[in-house]
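To start, the structure itself, in C-alpha cells.
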There are 2 protein chains.
Amino acid sequence: MPKETVDVLIIGSGAAGLSAGIYAARYNLKALIIGEEFGGATTTAWTVENYPGYISIDGFDLMMKMKEQAQALGVEVRDGKVTELRKEGDCFVGVTDKGEIGATTIILATGSARRKLNIPNEKELNGKGIHYCTTCDSPLYKGKTIGIVGGGDASVKGANLAAQFAKKIYLITRRADDLRGEPANLETMKKFGATIEIVFDTQVKALNGKDRLESITLTKPLNGLDTLVLDGLFVEIGAEPSNTLAKQVGVELDTMGYVEVDPLMRTNVTGMYVAGDVTNETGHFKQDIVSASQGSIAATSAYEHITTGAPACHWHAVPATKEHLSSH
Amino acid sequence: MPKETVDVLIIGSGAAGLSAGIYAARYNLKALIIGEEFGGATTTAWTVENYPGYISIDGFDLMMKMKEQAQALGVEVRDGKVTELRKEGDCFVGVTDKGEIGATTIILATGSARRKLNIPNEKELNGKGIHYCTTCDSPLYKGKTIGIVGGGDASVKGANLAAQFAKKIYLITRRADDLRGEPANLETMKKFGATIEIVFDTQVKALNGKDRLESITLTKPLNGLDTLVLDGLFVEIGAEPSNTLAKQVGVELDTMGYVEVDPLMRTNVTGMYVAGDVTNETGHFKQDIVSASQGSIAATSAYEHITTGAPACHWHAVPATKEHLSSH
C-alpha cells in the first residue's frame, strides 16, 4: 500500500499543473503537485506580455503567483520526479525516489523538452557555450558574439532579446529565405539592423572546443569561411512532448508523441487527465493562458470522475463506494 | 462599402473578447473590440479567486487589466452594439447604430445572458427589488431580508456573499433535498448557519408589489404561509447563450443554443471564430481562464486564416490577394 494517497496527483508544476492544483483545491480534493522543474517552460521566459491580466510580468514571477495561489488553497507543491506511473485496477501509483504515491486520478502536466542538435560535443559543451534557452542565458553574453540556431518564432524572440546584450548575433536557419516568426516579433527584429544577421539555408555541422565552445562549423561557408568563431550558441529548434509516463499507462499519443485529449482533457485511460504542452489539443499553439485553462478543465474532469463513482482504490482502509466518495 | 474596415472584428468585451484582442494585436492584425457590457459576466463577479495568477481580484479590475493590456497593444475597445451580422462573399459586415464595419474575420465573444423566471411583474420590478446578479447587487440589502432563486453553484456563491450584508436569506430551490454547489462553497455556506435558510422543492409563483417588490408567492407554504415578505429577490437560475448574431450567418449551434466549435475555435463558417461562454466547448464549465484561453486561440485561428489566403474583401480598394495579405 502506498504510504501516501491523494485524490489527484498532478505531475508537473508549470502553468498547467499549478492551475489544476488551484481548481482541485476549489473542489475540496486532496491534491499534490510534483514537478521536476518548478514553473516549467515559463520560468525560462524572460518577460511574458501575452498572459491576459498582466501587461508585462516576469515568467518566474507569474509561476510564483500561481504557486502561492495553489498553496494558499492548501495544495502542496513539491519538487521531485515521478519516475514511473502504473495502474492498479482503475487507480494509479506514482513512483518517486522518496516512495510511492497512490492516486485516484492523475493530471499529467509534464510539458515538453527542448530539442537538441544531436551532433558530437553537444552534451559536453552544454552550459559551456551551448544553451537551449535564449531568454534565460543570453544576458551572460554582454558584448559578445553569439549564434542562435532556429527559424521559428522562439528563435526570433530570442534574437530580439539577446540583441540587448550581445554585440553580434548570427541567426542560423536551414530555412531558405524567410523566418517563421510572429509579425510583431519580425518587426521588432528589424530595429536591431546589422546586429542580427540572418544566415539562411545553413546548418551547424560541428561544435568545436574542448572545455568551452570556441567555434562552430557550418554546412555552407559564411563570408568565405566554414568556421564561425562564437562565444556562445543557442539552440532554439523546438520541443518534444514529455510523454514517458503517459506511455507507461497506455495513454494514446498522436504521431508527434503528444497526448490525445478530448475537450474536457480526458484521455483514453479512465481517471487520467492531461493538460498543457504535452497535449495535442491546440497544435503548435502553446501558451501559458491555454495551459492554465487546460489545467482548470482537467481538474474539473477529475472532480466529476471522483464524485460520480470513481473506483474504490485498494489502499483505502474502507473501500470507497459511490456514497463514501460523495460529499456528505 | 463599409466606412470602417478591420482584419478582425471582435464582438464582446468580456474575458474572451479582450484576450482575443490582445493576441490579435500581437499578430499585428487590425482589430476592433465592440461590446455592449464591458467586461461581460466577470464585471458582475464580486471577487475572482480562481483566475490563475491572482490569488484574489475584483472581477471588474481583472477586466480593466485585460482592457488596458489590449489598448496598450493598440486595440480599440469600443462600447457599442452590433445589431446585425451578415456575410458578403466570404467576408463579414457588422451593423451598429453608428454605421457598418467590414471585417475579414469575426471573433464572436458575446457570452450568455441571465435566465429569467418568466412570470408576470418580473420585467416591471427589474431593479426594483428583482435582481439577476447577487454578487453585484446584494450589498444594497444590508440588514434586509432577501430571497435567492437557484440551486446551482452560482446561487450558493451568491448566498455566501449576500450573507455578509443581508440579515436573512431564503435560498429557494426546486431541487428536492440538495444543492448543486462546489464543495468549497457549500462548506462556506454552513458557516452562516440560520442566516441562510434553504427552501427545498419550491418555486416562485408570483411577484407582488407595484412600484417595488413587496413579497413573493411560493408554490408550497413556508412556515404555514404561501406569501413570503422580502426586500429583494435574486434570480440565479443560469444563462442562455447570446447566439443571435451567430444564427444570422449560419453558424451551427448545439441543442442548447451554444455554438459548435472545434479545438481551434473555428465554426462551420469560414472566417468566423468563437470564444467564451457562447461556445459549447467545455459544457457547463464556464470560467474566465477558459474564456481568455479560447480568445487567444480564436485570434490565432483568425491570424492563420488571414495569412494563408483569406478572401479578397470587396471593400479593399485593391482586391486582396494572397500576396497582398502576406506580411512582406
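Every chain in the C-alpha cells takes a letter, A first, then B, and so on in the order presented; its residues are numbered from 1, and the ligands are numbered from 1 following the presented order.
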Compile the residues of chain A that lie within 9 Å of chain B, evaluated using only C-alpha atoms, and express the compilation as a PyMOL selection string. chain A and resi 15+18-19+22-23+25-28+49-56+62-70+72+182-185+262-264+281-283+285+287-294+296-297+300+327
Please save C-alpha atoms of the selected residues as an mmCIF file, in the first residue's frame.
data_model
loop_
_atom_site.group_PDB
_atom_site.id
_atom_site.type_symbol
_atom_site.label_atom_id
_atom_site.label_comp_id
_atom_site.auth_asym_id
_atom_site.auth_seq_id
_atom_site.Cartn_x
_atom_site.Cartn_y
_atom_site.Cartn_z
ATOM 1 C CA ALA A 15 1.131 26.757 -15.642
ATOM 2 C CA LEU A 18 -0.418 24.812 -10.904
ATOM 3 C CA SER A 19 -3.761 25.812 -12.375
ATOM 4 C CA ILE A 22 -5.832 25.685 -7.794
ATOM 5 C CA TYR A 23 -9.012 24.215 -9.225
ATOM 6 C CA ALA A 25 -8.422 22.715 -4.186
ATOM 7 C CA ARG A 26 -11.513 24.761 -5.020
ATOM 8 C CA TYR A 27 -13.263 21.409 -5.420
ATOM 9 C CA ASN A 28 -12.007 20.308 -1.984
ATOM 10 C CA GLU A 49 3.440 40.010 -22.245
ATOM 11 C CA ASN A 50 0.602 37.882 -23.525
ATOM 12 C CA TYR A 51 -0.907 36.420 -20.374
ATOM 13 C CA PRO A 52 -4.268 38.184 -20.197
ATOM 14 C CA GLY A 53 -4.377 40.107 -16.933
ATOM 15 C CA TYR A 54 -0.742 41.174 -16.859
ATOM 16 C CA ILE A 55 0.545 43.774 -19.317
ATOM 17 C CA SER A 56 4.032 42.505 -18.570
ATOM 18 C CA LEU A 62 3.883 34.589 -12.867
ATOM 19 C CA MET A 63 4.605 30.994 -11.890
ATOM 20 C CA MET A 64 5.300 32.047 -8.286
ATOM 21 C CA LYS A 65 1.923 33.777 -8.181
ATOM 22 C CA MET A 66 0.194 30.599 -9.326
ATOM 23 C CA LYS A 67 2.181 28.534 -6.847
ATOM 24 C CA GLU A 68 1.281 30.821 -3.949
ATOM 25 C CA GLN A 69 -2.348 30.727 -5.060
ATOM 26 C CA ALA A 70 -2.363 26.913 -5.011
ATOM 27 C CA ALA A 72 -2.983 29.372 -0.169
ATOM 28 C CA GLU A 182 5.092 36.424 -35.327
ATOM 29 C CA PRO A 183 4.853 39.627 -37.405
ATOM 30 C CA ALA A 184 5.234 41.737 -34.267
ATOM 31 C CA ASN A 185 8.490 39.966 -33.448
ATOM 32 C CA ASP A 262 -10.940 15.431 -25.706
ATOM 33 C CA PRO A 263 -12.156 18.997 -24.970
ATOM 34 C CA LEU A 264 -12.514 18.080 -21.279
ATOM 35 C CA GLU A 281 -5.282 19.995 -28.286
ATOM 36 C CA THR A 282 -4.197 23.255 -29.916
ATOM 37 C CA GLY A 283 -1.471 22.072 -32.271
ATOM 38 C CA PHE A 285 -0.126 26.940 -30.271
ATOM 39 C CA GLN A 287 0.764 29.352 -24.387
ATOM 40 C CA ASP A 288 0.513 29.884 -20.644
ATOM 41 C CA ILE A 289 -3.072 31.030 -20.907
ATOM 42 C CA VAL A 290 -4.004 27.825 -22.744
ATOM 43 C CA SER A 291 -2.112 25.605 -20.286
ATOM 44 C CA ALA A 292 -3.747 27.319 -17.313
ATOM 45 C CA SER A 293 -7.163 26.850 -18.908
ATOM 46 C CA GLN A 294 -6.495 23.193 -19.632
ATOM 47 C CA SER A 296 -8.626 24.050 -14.744
ATOM 48 C CA ILE A 297 -10.581 21.832 -17.128
ATOM 49 C CA THR A 300 -12.904 19.695 -13.222
ATOM 50 C CA SER A 327 -19.557 14.967 -0.150
#
Output as a ChimeraX atom specification all residues of stretch 180-210 of chain B that backbone DSSP marks as alpha helix (DSSP H). /B:183-191
Could you list, as a VMD selection string, every residue within 6 Å of stretch 129-134 of chain B, counting only C-alpha atoms and ignoring same-chain residues fewer than 6 positions away? chain B and resid 158 212 to 213 232 to 235
Writing out the chosen residues with C-alpha atoms as a PDB file, in the first residue's frame:
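Now in selection_31.pdb:
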ATOM      1  CA  GLY B 158     -24.379  34.313  -4.225  1.00  0.00           C
ATOM      2  CA  ARG B 212     -41.272  47.810  -5.723  1.00  0.00           C
ATOM      3  CA  LEU B 213     -41.211  44.124  -4.801  1.00  0.00           C
ATOM      4  CA  GLY B 232     -35.313  41.777  -2.597  1.00  0.00           C
ATOM      5  CA  LEU B 233     -35.240  38.681  -4.789  1.00  0.00           C
ATOM      6  CA  PHE B 234     -32.201  37.463  -6.718  1.00  0.00           C
ATOM      7  CA  VAL B 235     -32.709  35.143  -9.667  1.00  0.00           C
TER       8      VAL B 235
END
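The environment of B:Asp231 within 8 Å, counting only C-alpha atoms and disregarding residues fewer than 6 places along the same chain, consists of Gly129, Tyr141, Lys144, Thr145, Ile146, Leu213, Glu214 and Ser215 of chain B.
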Residues within 6 Å of B:Gly150, please, as a compact mmCIF listing (two decimals) with C-alpha atoms, in the first residue's frame. Count only C-alpha atoms; anything in the same chain fewer than 3 positions from it doesn't count.
# COMPACT_ATOMS: atom_id res chain seq x y z
CA SER B 155 -26.83 30.61 -6.12
CA THR B 173 -34.81 25.84 -5.00
CA GLU B 236 -29.70 32.84 -10.14
CA ILE B 237 -31.01 30.13 -12.47
Hey, what's within 8 Å of stretch 103-110 of chain B if we count only C-alpha atoms and toss same-chain stuff fewer than 2 positions away? As a PDB file with N, CA and C atoms, in the first residue's frame, please?
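Below you can see selection.pdb, which holds the result:
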ATOM      1  N   THR B   5     -13.105  49.445 -41.885  1.00  0.00           N
ATOM      2  CA  THR B   5     -12.800  48.032 -42.119  1.00  0.00           C
ATOM      3  C   THR B   5     -11.657  47.580 -41.210  1.00  0.00           C
ATOM      4  N   VAL B   6     -11.741  46.342 -40.796  1.00  0.00           N
ATOM      5  CA  VAL B   6     -10.721  45.778 -39.905  1.00  0.00           C
ATOM      6  C   VAL B   6     -10.369  44.363 -40.361  1.00  0.00           C
ATOM      7  N   ASP B   7      -9.251  43.852 -39.859  1.00  0.00           N
ATOM      8  CA  ASP B   7      -8.901  42.451 -40.118  1.00  0.00           C
ATOM      9  C   ASP B   7      -9.796  41.525 -39.298  1.00  0.00           C
ATOM     10  N   VAL B   8      -9.994  41.944 -38.040  1.00  0.00           N
ATOM     11  CA  VAL B   8     -10.810  41.103 -37.171  1.00  0.00           C
ATOM     12  C   VAL B   8     -11.712  41.969 -36.300  1.00  0.00           C
ATOM     13  N   LEU B   9     -12.998  41.694 -36.420  1.00  0.00           N
ATOM     14  CA  LEU B   9     -13.986  42.381 -35.591  1.00  0.00           C
ATOM     15  C   LEU B   9     -14.341  41.439 -34.445  1.00  0.00           C
ATOM     16  N   ILE B  10     -14.039  41.887 -33.236  1.00  0.00           N
ATOM     17  CA  ILE B  10     -14.290  41.075 -32.044  1.00  0.00           C
ATOM     18  C   ILE B  10     -15.550  41.612 -31.381  1.00  0.00           C
ATOM     19  N   ILE B  11     -16.562  40.756 -31.297  1.00  0.00           N
ATOM     20  CA  ILE B  11     -17.841  41.209 -30.756  1.00  0.00           C
ATOM     21  C   ILE B  11     -17.987  40.661 -29.338  1.00  0.00           C
ATOM     22  N   GLY B  12     -17.951  41.565 -28.381  1.00  0.00           N
ATOM     23  CA  GLY B  12     -17.996  41.173 -26.971  1.00  0.00           C
ATOM     24  C   GLY B  12     -16.722  41.609 -26.272  1.00  0.00           C
ATOM     25  N   SER B  13     -16.868  42.240 -25.106  1.00  0.00           N
ATOM     26  CA  SER B  13     -15.689  42.770 -24.415  1.00  0.00           C
ATOM     27  C   SER B  13     -15.548  42.172 -23.017  1.00  0.00           C
ATOM     28  N   GLY B  14     -15.801  40.872 -22.923  1.00  0.00           N
ATOM     29  CA  GLY B  14     -15.500  40.134 -21.699  1.00  0.00           C
ATOM     30  C   GLY B  14     -14.118  39.507 -21.810  1.00  0.00           C
ATOM     31  N   ALA B  16     -13.108  36.706 -22.973  1.00  0.00           N
ATOM     32  CA  ALA B  16     -12.824  36.089 -24.278  1.00  0.00           C
ATOM     33  C   ALA B  16     -12.469  37.139 -25.321  1.00  0.00           C
ATOM     34  N   GLY B  17     -13.289  38.169 -25.422  1.00  0.00           N
ATOM     35  CA  GLY B  17     -13.075  39.209 -26.427  1.00  0.00           C
ATOM     36  C   GLY B  17     -11.798  39.995 -26.176  1.00  0.00           C
ATOM     37  N   ALA B  20      -8.799  37.875 -26.991  1.00  0.00           N
ATOM     38  CA  ALA B  20      -8.682  37.784 -28.454  1.00  0.00           C
ATOM     39  C   ALA B  20      -8.027  39.049 -28.997  1.00  0.00           C
ATOM     40  N   GLY B  35     -18.239  45.932 -27.538  1.00  0.00           N
ATOM     41  CA  GLY B  35     -19.010  45.209 -26.534  1.00  0.00           C
ATOM     42  C   GLY B  35     -20.132  46.057 -25.968  1.00  0.00           C
ATOM     43  N   ASP B  90     -17.121  35.911 -48.775  1.00  0.00           N
ATOM     44  CA  ASP B  90     -16.559  35.211 -47.626  1.00  0.00           C
ATOM     45  C   ASP B  90     -16.171  36.182 -46.526  1.00  0.00           C
ATOM     46  N   CYS B  91     -16.564  37.445 -46.682  1.00  0.00           N
ATOM     47  CA  CYS B  91     -16.221  38.449 -45.683  1.00  0.00           C
ATOM     48  C   CYS B  91     -17.468  38.801 -44.875  1.00  0.00           C
ATOM     49  N   PHE B  92     -17.302  39.703 -43.922  1.00  0.00           N
ATOM     50  CA  PHE B  92     -18.398  39.994 -42.998  1.00  0.00           C
ATOM     51  C   PHE B  92     -18.644  41.489 -42.880  1.00  0.00           C
ATOM     52  N   VAL B  93     -19.893  41.828 -42.593  1.00  0.00           N
ATOM     53  CA  VAL B  93     -20.233  43.206 -42.268  1.00  0.00           C
ATOM     54  C   VAL B  93     -21.025  43.192 -40.959  1.00  0.00           C
ATOM     55  N   GLY B  94     -20.539  43.964 -39.994  1.00  0.00           N
ATOM     56  CA  GLY B  94     -21.247  44.137 -38.731  1.00  0.00           C
ATOM     57  C   GLY B  94     -21.964  45.470 -38.751  1.00  0.00           C
ATOM     58  N   ILE B 101     -19.361  48.047 -40.260  1.00  0.00           N
ATOM     59  CA  ILE B 101     -17.932  47.733 -40.137  1.00  0.00           C
ATOM     60  C   ILE B 101     -17.639  46.485 -40.960  1.00  0.00           C
ATOM     61  N   SER B 112     -23.226  34.910 -22.607  1.00  0.00           N
ATOM     62  CA  SER B 112     -24.572  34.406 -22.388  1.00  0.00           C
ATOM     63  C   SER B 112     -25.314  35.379 -21.485  1.00  0.00           C
ATOM     64  N   PRO B 241     -27.126  31.241 -24.039  1.00  0.00           N
ATOM     65  CA  PRO B 241     -26.092  31.779 -24.930  1.00  0.00           C
ATOM     66  C   PRO B 241     -26.626  32.924 -25.793  1.00  0.00           C
ATOM     67  N   SER B 242     -25.833  33.959 -25.956  1.00  0.00           N
ATOM     68  CA  SER B 242     -26.224  35.098 -26.792  1.00  0.00           C
ATOM     69  C   SER B 242     -25.811  34.789 -28.230  1.00  0.00           C
ATOM     70  N   ASN B 243     -26.684  34.083 -28.922  1.00  0.00           N
ATOM     71  CA  ASN B 243     -26.332  33.500 -30.221  1.00  0.00           C
ATOM     72  C   ASN B 243     -27.004  34.147 -31.425  1.00  0.00           C
ATOM     73  N   ALA B 246     -24.706  34.828 -34.326  1.00  0.00           N
ATOM     74  CA  ALA B 246     -24.206  33.550 -34.860  1.00  0.00           C
ATOM     75  C   ALA B 246     -25.238  32.951 -35.821  1.00  0.00           C
ATOM     76  N   GLY B 271     -13.829  31.848 -41.608  1.00  0.00           N
ATOM     77  CA  GLY B 271     -13.542  33.227 -41.195  1.00  0.00           C
ATOM     78  C   GLY B 271     -14.265  33.645 -39.926  1.00  0.00           C
ATOM     79  N   MET B 272     -15.085  32.740 -39.415  1.00  0.00           N
ATOM     80  CA  MET B 272     -15.889  33.053 -38.216  1.00  0.00           C
ATOM     81  C   MET B 272     -15.394  32.195 -37.056  1.00  0.00           C
ATOM     82  N   TYR B 273     -14.917  32.853 -36.002  1.00  0.00           N
ATOM     83  CA  TYR B 273     -14.368  32.164 -34.833  1.00  0.00           C
ATOM     84  C   TYR B 273     -15.176  32.567 -33.604  1.00  0.00           C
ATOM     85  N   VAL B 274     -15.153  31.729 -32.612  1.00  0.00           N
ATOM     86  CA  VAL B 274     -15.984  31.977 -31.436  1.00  0.00           C
ATOM     87  C   VAL B 274     -15.172  31.666 -30.186  1.00  0.00           C
ATOM     88  N   ALA B 275     -15.429  32.394 -29.103  1.00  0.00           N
ATOM     89  CA  ALA B 275     -14.713  32.145 -27.844  1.00  0.00           C
ATOM     90  C   ALA B 275     -15.598  32.508 -26.664  1.00  0.00           C
ATOM     91  N   GLY B 276     -15.385  31.820 -25.573  1.00  0.00           N
ATOM     92  CA  GLY B 276     -16.054  32.170 -24.322  1.00  0.00           C
ATOM     93  C   GLY B 276     -17.371  31.455 -24.084  1.00  0.00           C
ATOM     94  N   ASP B 277     -18.197  32.061 -23.243  1.00  0.00           N
ATOM     95  CA  ASP B 277     -19.410  31.404 -22.748  1.00  0.00           C
ATOM     96  C   ASP B 277     -20.427  31.053 -23.827  1.00  0.00           C
ATOM     97  N   VAL B 278     -20.313  31.662 -25.000  1.00  0.00           N
ATOM     98  CA  VAL B 278     -21.281  31.363 -26.064  1.00  0.00           C
ATOM     99  C   VAL B 278     -20.959  30.031 -26.770  1.00  0.00           C
ATOM    100  N   GLY B 295     -10.153  32.899 -26.328  1.00  0.00           N
ATOM    101  CA  GLY B 295      -9.940  34.143 -27.075  1.00  0.00           C
ATOM    102  C   GLY B 295      -8.587  34.126 -27.770  1.00  0.00           C
ATOM    103  N   ALA B 298      -8.799  31.661 -30.698  1.00  0.00           N
ATOM    104  CA  ALA B 298      -9.610  32.203 -31.801  1.00  0.00           C
ATOM    105  C   ALA B 298      -8.804  33.224 -32.598  1.00  0.00           C
ATOM    106  N   ALA B 299      -8.058  34.080 -31.889  1.00  0.00           N
ATOM    107  CA  ALA B 299      -7.251  35.096 -32.579  1.00  0.00           C
ATOM    108  C   ALA B 299      -6.172  34.431 -33.424  1.00  0.00           C
ATOM    109  N   ALA B 302      -7.799  33.136 -36.532  1.00  0.00           N
ATOM    110  CA  ALA B 302      -8.105  34.248 -37.442  1.00  0.00           C
ATOM    111  C   ALA B 302      -6.830  34.680 -38.174  1.00  0.00           C
ATOM    112  N   ILE B 306      -6.056  34.661 -42.190  1.00  0.00           N
ATOM    113  CA  ILE B 306      -5.722  35.886 -42.920  1.00  0.00           C
ATOM    114  C   ILE B 306      -4.378  35.753 -43.638  1.00  0.00           C
ATOM    115  N   ALA B 310      -6.796  34.391 -47.022  1.00  0.00           N
ATOM    116  CA  ALA B 310      -8.163  34.851 -46.772  1.00  0.00           C
ATOM    117  C   ALA B 310      -8.704  35.468 -48.057  1.00  0.00           C
ATOM    118  N   PRO B 311     -10.015  35.533 -48.198  1.00  0.00           N
ATOM    119  CA  PRO B 311     -10.605  36.053 -49.429  1.00  0.00           C
ATOM    120  C   PRO B 311     -10.341  37.549 -49.587  1.00  0.00           C
ATOM    121  N   CYS B 313     -11.711  40.878 -49.701  1.00  0.00           N
ATOM    122  CA  CYS B 313     -12.971  41.505 -49.307  1.00  0.00           C
ATOM    123  C   CYS B 313     -13.207  42.700 -50.223  1.00  0.00           C
TER     124      CYS B 313
END
Extract the full set of strand (DSSP E or B) residues from stretch 1-219 of chain A according to DSSP on the backbone, and format it as a ChimeraX atom specification. /A:4-11,31-35,47-48,57-58,76-79,82-88,91-96,99-108,112-114,126,130-131,145-150,152,168-173,180,196-199,204-208,215-219
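Reported to one decimal place, the separation of atom CA of A:Asn208 from atom CA of A:Pro120 is 9.4 Å.
Reported to one decimal place, the separation of atom CA of B:Gly151 from atom CA of B:Ile172 is 7.5 Å.
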List as a count of residues only the protein and nucleic acid residues near stretch 247-253 of chain A, meaning an atom at most 7 Å away when only C-alpha atoms are counted, but skip any in the same chain fewer than 2 places from it. 14
